[in-house]
Amino acid sequence: MTIDMTAPAGRRALRPVSGGSRILAPDLARGAMLLLIALANATGVFLASVPGVDTTPHGPERLWNVVLFLFVHARALPLFAVMFGYGLVQFARRQDAAGLPPGAVRALLVRRNAWLFAFGLAHGVLLYSGDVLGAYGLIGIAFTLLLLRRGDRVHRLAPAYLVFAGGYLLVLAALVLHRLATGAGGTVGVPTSDFPSVTETSYLAALTARATEWPATVLSMLPMILFIWVGAWAARRRLLDEPAKHRRLLRRGAAVGLTVAVLGGLPMGLLAGGFLHVDAGTAGYVKMLYETAGFFGGLGYACLFGLLALRVSAWPTGTRRHLPVTALAALGRRSLSGYLVQSVAWLVLASPFALALGDHLGSPTFVAAGSAALVWLGTLVGAYLMHLRSRRGPAEVLLRRLAYGRR
């Protein structure tokens, strides 16, 4: 955003940041993040479970279950949280550079996140109760008021959380390995929770169910303020703004984060695929291990896209290789619109009172995966076309109008 400095003091109008001032890496990460979110959410909706998984898989479904727990489930949302925290600091930095006083920046961020919470309320009740916008709106308000303007001494506590999480992860891994080594076998399947609203046979009944599910979802996601704080710390260090200066750290982050995510998610994936058999106690530890490892997966993905942006910057301009990167970044700039479009698609494609494709086209697991891929591709093409016409996403335009006013 910029400010019209010709306007009278106190009435200076905010104007959008030009496309050329965007940082590539965060937009790439957000665009790719939407594919992971589509795969996770579509599976949950079509299979009516959290996390989304077929508890009686057959054939290739068993291998796909493993893939989901290694790379998608509990990995997409941490990436979303990290990028949200990164965006909060980017936003404040742009306003500071444009000359807006700190108090005005704080008020603007609080107003923007309050409207984001309102978006989440509408989205969670009308479309999809697994909404993250409501929780992120509340966290954004709290972070703005309590942490945004604090000094480096306070913000150094954010990466310290990585040490705590790493220690907790090692304890969980030791418990799982010990129970597996001592032969704690059993017949318990992968631990899941029911998703009642997606099984209702009328929109009104689903609406009523989502009205009770959404508040619980918001409360369960509030601890993600720790992930958001880590993203804000990364933005203060400009890890994705200036990837060339942080190449070594990004490489280590991508390698370590994704390795931890894969190893930590492997027991859960094998359990979901029917390749591992454990008792109820071990299954609980396996689930906690995969969820904790997911945070490192989110960090690993963010670092990976920082490295990709660095590689893209070295390509000759005007080559065909830039087309998919441009489209992915265009979707990242319109990530709010892309996220909401996905929920409309799940309502139409999966609901019993709509198309209910999971009941008519064979394996619900692969119907969900195919639907997720096609819906994401549709938003990718749509975002690219809007980019060619220099149009912002409709949800971004509405949020901007509500937060900043017509001026």
# chains A, B, ... in the order shown; residues from 1 in each chain; ligands from 1
>>> residues_around(residues="Pro324 (chain A)", least_positions_apart="2", cutoff="12 Å", atoms="only C-alpha atoms", output="MDAnalysis selection string")
chainID A and resid 28 31:32 312 319:322 326:331 377 380:381 383:384
>>> closest_residue(among="A:Ala76, A:Ala314, A:Leu307, A:Met33", to="Glu242 (chain A)", atoms="only C-alpha atoms")
A:Leu307
>>> atom_distance(atom1="CA of His58 (chain A)", atom2="CA of Pro196 (chain A)")
24.2 Å
>>> closest_residue(among="A:Ala205, A:Ala81, A:Leu63, A:Leu148", to="Gly103 (chain A)", atoms="only C-alpha atoms")
A:Leu148
>>> select_by_dssp(residues="region 243-378 of chain A", states="helix (DSSP H, G or I)", output="ChimeraX atom specification")
/A:243-272,280-313,322-333,335-350,357-359,364-378
